[in-house]
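*Asks:* Quick one: this structure, given as structure tokens, is what I'll be asking you about.
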Amino acid sequence: AEVRGEAWGPGAEWLLEQLPELLGAADDPSVFVPRHRLLAVTRHRRPGLRLTRTGLVLESLIPSILEQKVTTDEAYRAWRSLVRKFGEPAPGPAPGRMCVMPDAETWRLIPSWEWHRAGVDNKRASTILRAVRVAVRMEEAVRMAPAQAQARLEVVPGVGPWTSAEVVQRSHGAADAVTVGDLHLPGIVGWALAGDRDADDSVMLELLEPYAGQRHRAARLILLSGRGPARRAPRMPRGDIGRL
């Protein structure tokens, strides 16, 4: 009853409806059949793993665009800076400074210098602006099958297979949407399943073929296993275009 009260604001009803899927209730991990000992052991150690489904496309698309070609820390910093500056305080009991993502119109009106201050280059900012201009069409993708949703997202210039896969993994809970074009994932999968740290996307997809229909889940389990090749070079240097 308290959750339905006015203190939680107009988003409370939506949250109550979506909560089961946000917690992974719509996911069925029992269909996954491990074909490698590493995955069998990891699944046994992580019995609570569920692929969640947010049902929200832009909330996954915008941060995924921010992650293009930069370090995770840089992308998180940009997302935090923009959401805190242009978002609204989260409804209901919430930690201080927690904000909800701005709506499409607010994203569209963010001045160019604010993107710069947040460390977002013109290419990523322009891609986000193109996406929010067709926000309704983007959100319609949630009612499509993951493959069709990816095709819809990739109509936006600057959104490719890497970004669209990252989106449907979250918005759709897509168990088979394996990420291609990633800097690290092919080597991690290659090392875990075949001892090949130099694997590329084609090798990764071949190794994951026995998990067709569940390739993203297999990749998630590999990442959770902690089994990956040792680094051969320093971490990617962090940039800060906001200081330029």
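Identifiers in this document derive from the order of the structure tokens: chains are assigned A, B, ..., residues are numbered from 1 separately in each chain, and ligands are numbered from 1 in order of occurrence.
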With a distance cut-off of 12 Å and only C-alpha atoms, select the neighbouring residues of Ala194 (chain A), excluding the residue or stretch itself and same-chain residues fewer than 3 positions from it, and output the selection as an MDAnalysis selection string.
*Replies:* chainID A and resid 36 38 186:191 197:199 203:204 206:208 227:229
*Asks:* Generate a file of the selected residues that holds all heavy atoms, formatted as a compact mmCIF listing (two decimals), in the first residue's frame.
*Replies:*
# COMPACT_ATOMS: atom_id res chain seq x y z
N HIS A 36 30.39 -27.23 -21.76
CA HIS A 36 31.77 -27.10 -21.30
C HIS A 36 31.76 -27.14 -19.77
O HIS A 36 30.86 -26.58 -19.14
CB HIS A 36 32.40 -25.79 -21.77
CG HIS A 36 32.53 -25.67 -23.26
ND1 HIS A 36 31.47 -25.29 -24.06
CD2 HIS A 36 33.59 -25.88 -24.08
CE1 HIS A 36 31.88 -25.26 -25.33
NE2 HIS A 36 33.15 -25.62 -25.36
N LEU A 38 33.54 -25.58 -17.66
CA LEU A 38 33.60 -24.25 -17.06
C LEU A 38 32.21 -23.66 -16.88
O LEU A 38 31.88 -23.09 -15.83
CB LEU A 38 34.46 -23.33 -17.93
CG LEU A 38 34.54 -21.87 -17.47
CD1 LEU A 38 35.27 -21.75 -16.15
CD2 LEU A 38 35.20 -21.01 -18.55
N PRO A 186 35.75 -11.38 -27.48
CA PRO A 186 36.19 -12.55 -28.25
C PRO A 186 37.40 -13.25 -27.62
O PRO A 186 37.44 -14.49 -27.56
CB PRO A 186 36.55 -11.96 -29.62
CG PRO A 186 35.70 -10.75 -29.73
CD PRO A 186 35.66 -10.18 -28.34
N GLY A 187 38.35 -12.47 -27.13
CA GLY A 187 39.52 -13.07 -26.49
C GLY A 187 39.18 -13.79 -25.20
O GLY A 187 39.76 -14.83 -24.89
N ILE A 188 38.23 -13.23 -24.45
CA ILE A 188 37.83 -13.88 -23.19
C ILE A 188 37.12 -15.19 -23.48
O ILE A 188 37.42 -16.22 -22.87
CB ILE A 188 36.93 -12.92 -22.38
CG1 ILE A 188 37.72 -11.70 -21.93
CG2 ILE A 188 36.32 -13.65 -21.18
CD1 ILE A 188 36.87 -10.62 -21.28
N VAL A 189 36.18 -15.17 -24.43
CA VAL A 189 35.46 -16.40 -24.79
C VAL A 189 36.42 -17.41 -25.40
O VAL A 189 36.39 -18.60 -25.07
CB VAL A 189 34.31 -16.08 -25.77
CG1 VAL A 189 33.68 -17.37 -26.29
CG2 VAL A 189 33.25 -15.22 -25.09
N GLY A 190 37.30 -16.94 -26.29
CA GLY A 190 38.26 -17.84 -26.92
C GLY A 190 39.17 -18.50 -25.92
O GLY A 190 39.45 -19.71 -26.00
N TRP A 191 39.64 -17.74 -24.95
CA TRP A 191 40.53 -18.28 -23.93
C TRP A 191 39.80 -19.28 -23.03
O TRP A 191 40.32 -20.35 -22.71
CB TRP A 191 41.09 -17.15 -23.09
CG TRP A 191 42.00 -17.59 -21.98
CD1 TRP A 191 41.70 -17.72 -20.66
CD2 TRP A 191 43.38 -17.97 -22.11
NE1 TRP A 191 42.78 -18.16 -19.96
CE2 TRP A 191 43.83 -18.31 -20.82
CE3 TRP A 191 44.25 -18.05 -23.19
CZ2 TRP A 191 45.15 -18.73 -20.59
CZ3 TRP A 191 45.56 -18.46 -22.96
CH2 TRP A 191 46.00 -18.80 -21.68
N ARG A 197 43.55 -16.82 -26.87
CA ARG A 197 43.39 -15.43 -26.44
C ARG A 197 43.30 -14.47 -27.61
O ARG A 197 42.96 -13.30 -27.45
CB ARG A 197 44.53 -15.03 -25.52
CG ARG A 197 45.89 -14.96 -26.18
CD ARG A 197 46.97 -14.53 -25.19
NE ARG A 197 46.66 -13.24 -24.63
CZ ARG A 197 47.10 -12.84 -23.42
NH1 ARG A 197 47.83 -13.65 -22.68
NH2 ARG A 197 46.80 -11.64 -22.98
N ASP A 198 43.64 -14.92 -28.82
CA ASP A 198 43.62 -14.07 -30.00
C ASP A 198 42.36 -14.28 -30.84
O ASP A 198 42.32 -13.85 -32.01
CB ASP A 198 44.86 -14.32 -30.85
CG ASP A 198 46.15 -13.98 -30.12
OD1 ASP A 198 46.19 -12.90 -29.49
OD2 ASP A 198 47.09 -14.78 -30.15
N ALA A 199 41.37 -14.93 -30.28
CA ALA A 199 40.14 -15.18 -31.03
C ALA A 199 39.49 -13.87 -31.46
O ALA A 199 39.49 -12.89 -30.72
CB ALA A 199 39.17 -15.99 -30.17
N VAL A 203 35.71 -16.49 -34.63
CA VAL A 203 36.08 -17.63 -33.78
C VAL A 203 35.14 -17.70 -32.57
O VAL A 203 34.68 -18.78 -32.18
CB VAL A 203 37.54 -17.52 -33.33
CG1 VAL A 203 37.88 -18.61 -32.31
CG2 VAL A 203 38.48 -17.61 -34.53
N MET A 204 34.85 -16.55 -31.97
CA MET A 204 33.94 -16.53 -30.83
C MET A 204 32.58 -17.09 -31.20
O MET A 204 32.01 -17.92 -30.46
CB MET A 204 33.78 -15.09 -30.30
CG MET A 204 32.77 -14.96 -29.17
SD MET A 204 32.55 -13.26 -28.58
CE MET A 204 31.68 -12.51 -29.98
N GLU A 206 31.85 -19.14 -33.57
CA GLU A 206 31.96 -20.57 -33.81
C GLU A 206 31.99 -21.34 -32.49
O GLU A 206 31.34 -22.39 -32.36
CB GLU A 206 33.24 -20.85 -34.61
CG GLU A 206 33.42 -22.32 -34.98
CD GLU A 206 34.66 -22.56 -35.81
OE1 GLU A 206 35.28 -21.58 -36.27
OE2 GLU A 206 35.03 -23.74 -35.99
N LEU A 207 32.72 -20.83 -31.51
CA LEU A 207 32.80 -21.48 -30.21
C LEU A 207 31.45 -21.46 -29.48
O LEU A 207 31.13 -22.38 -28.73
CB LEU A 207 33.86 -20.81 -29.33
CG LEU A 207 35.31 -21.01 -29.77
CD1 LEU A 207 36.24 -20.10 -28.96
CD2 LEU A 207 35.72 -22.47 -29.59
N LEU A 208 30.68 -20.41 -29.71
CA LEU A 208 29.37 -20.29 -29.04
C LEU A 208 28.24 -20.96 -29.82
O LEU A 208 27.11 -21.01 -29.32
CB LEU A 208 29.03 -18.81 -28.84
CG LEU A 208 29.90 -18.04 -27.84
CD1 LEU A 208 29.52 -16.57 -27.84
CD2 LEU A 208 29.76 -18.63 -26.43
N ARG A 227 37.35 -16.45 -15.70
CA ARG A 227 38.38 -17.11 -16.52
C ARG A 227 38.68 -16.25 -17.74
O ARG A 227 37.87 -16.14 -18.65
CB ARG A 227 37.88 -18.50 -16.95
CG ARG A 227 38.84 -19.28 -17.84
CD ARG A 227 39.94 -19.91 -17.03
NE ARG A 227 40.79 -20.73 -17.88
CZ ARG A 227 40.56 -22.02 -18.15
NH1 ARG A 227 39.49 -22.63 -17.64
NH2 ARG A 227 41.40 -22.70 -18.90
N GLY A 228 39.82 -15.62 -17.74
CA GLY A 228 40.19 -14.78 -18.88
C GLY A 228 41.70 -14.72 -19.01
O GLY A 228 42.44 -15.04 -18.07
N PRO A 229 42.19 -14.34 -20.17
CA PRO A 229 43.64 -14.26 -20.38
C PRO A 229 44.26 -13.13 -19.59
O PRO A 229 43.62 -12.11 -19.33
CB PRO A 229 43.76 -14.03 -21.89
CG PRO A 229 42.49 -13.33 -22.25
CD PRO A 229 41.43 -13.91 -21.36
*Asks:* Which neighbours of Arg77 (chain A) fall inside 9 Å, counting only C-alpha atoms, when residues of the same chain fewer than 5 positions from it are skipped, and could you give them as an NGL selection string?
*Replies:* :A and (72 or 82 or 118-119)
*Asks:* Selected residues, all heavy atoms, written as a PDB file, in the first residue's frame, please.
*Replies:*
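This is the output file again_8.pdb:
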ATOM      1  N   THR A  72      35.122   2.055 -19.745  1.00  0.00           N
ATOM      2  CA  THR A  72      33.890   1.972 -18.956  1.00  0.00           C
ATOM      3  C   THR A  72      33.792   3.124 -17.973  1.00  0.00           C
ATOM      4  O   THR A  72      32.720   3.709 -17.779  1.00  0.00           O
ATOM      5  CB  THR A  72      33.842   0.633 -18.209  1.00  0.00           C
ATOM      6  OG1 THR A  72      33.917  -0.437 -19.162  1.00  0.00           O
ATOM      7  CG2 THR A  72      32.555   0.501 -17.406  1.00  0.00           C
ATOM      8  N   LEU A  82      25.483  13.648 -16.903  1.00  0.00           N
ATOM      9  CA  LEU A  82      24.330  14.123 -17.671  1.00  0.00           C
ATOM     10  C   LEU A  82      23.010  13.847 -16.968  1.00  0.00           C
ATOM     11  O   LEU A  82      22.107  14.695 -16.956  1.00  0.00           O
ATOM     12  CB  LEU A  82      24.348  13.479 -19.057  1.00  0.00           C
ATOM     13  CG  LEU A  82      25.491  13.942 -19.980  1.00  0.00           C
ATOM     14  CD1 LEU A  82      25.625  13.012 -21.173  1.00  0.00           C
ATOM     15  CD2 LEU A  82      25.267  15.380 -20.437  1.00  0.00           C
ATOM     16  N   ALA A 118      30.779  16.867 -20.143  1.00  0.00           N
ATOM     17  CA  ALA A 118      30.583  15.495 -19.656  1.00  0.00           C
ATOM     18  C   ALA A 118      31.577  14.513 -20.278  1.00  0.00           C
ATOM     19  O   ALA A 118      31.561  13.325 -19.949  1.00  0.00           O
ATOM     20  CB  ALA A 118      29.158  15.033 -19.945  1.00  0.00           C
ATOM     21  N   GLY A 119      32.420  15.009 -21.188  1.00  0.00           N
ATOM     22  CA  GLY A 119      33.413  14.142 -21.804  1.00  0.00           C
ATOM     23  C   GLY A 119      32.897  13.340 -22.984  1.00  0.00           C
ATOM     24  O   GLY A 119      33.471  12.305 -23.332  1.00  0.00           O
TER      25      GLY A 119
END
*Asks:* Quick one: of A:His172, A:Arg217, A:Arg133, A:His184, who's nearest to Arg53 (chain A), counting only C-alpha atoms?
*Replies:*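 The shortest atom-to-atom distance to Arg53 (chain A) comes from A:His172.
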*Asks:* Can you list every residue in region 119-214 of chain A that DSSP puts in alpha helix (DSSP H), as a PyMOL selection string?
*Replies:* chain A and resi 122-133+135-140+146-153+161-171+185-194+201-208
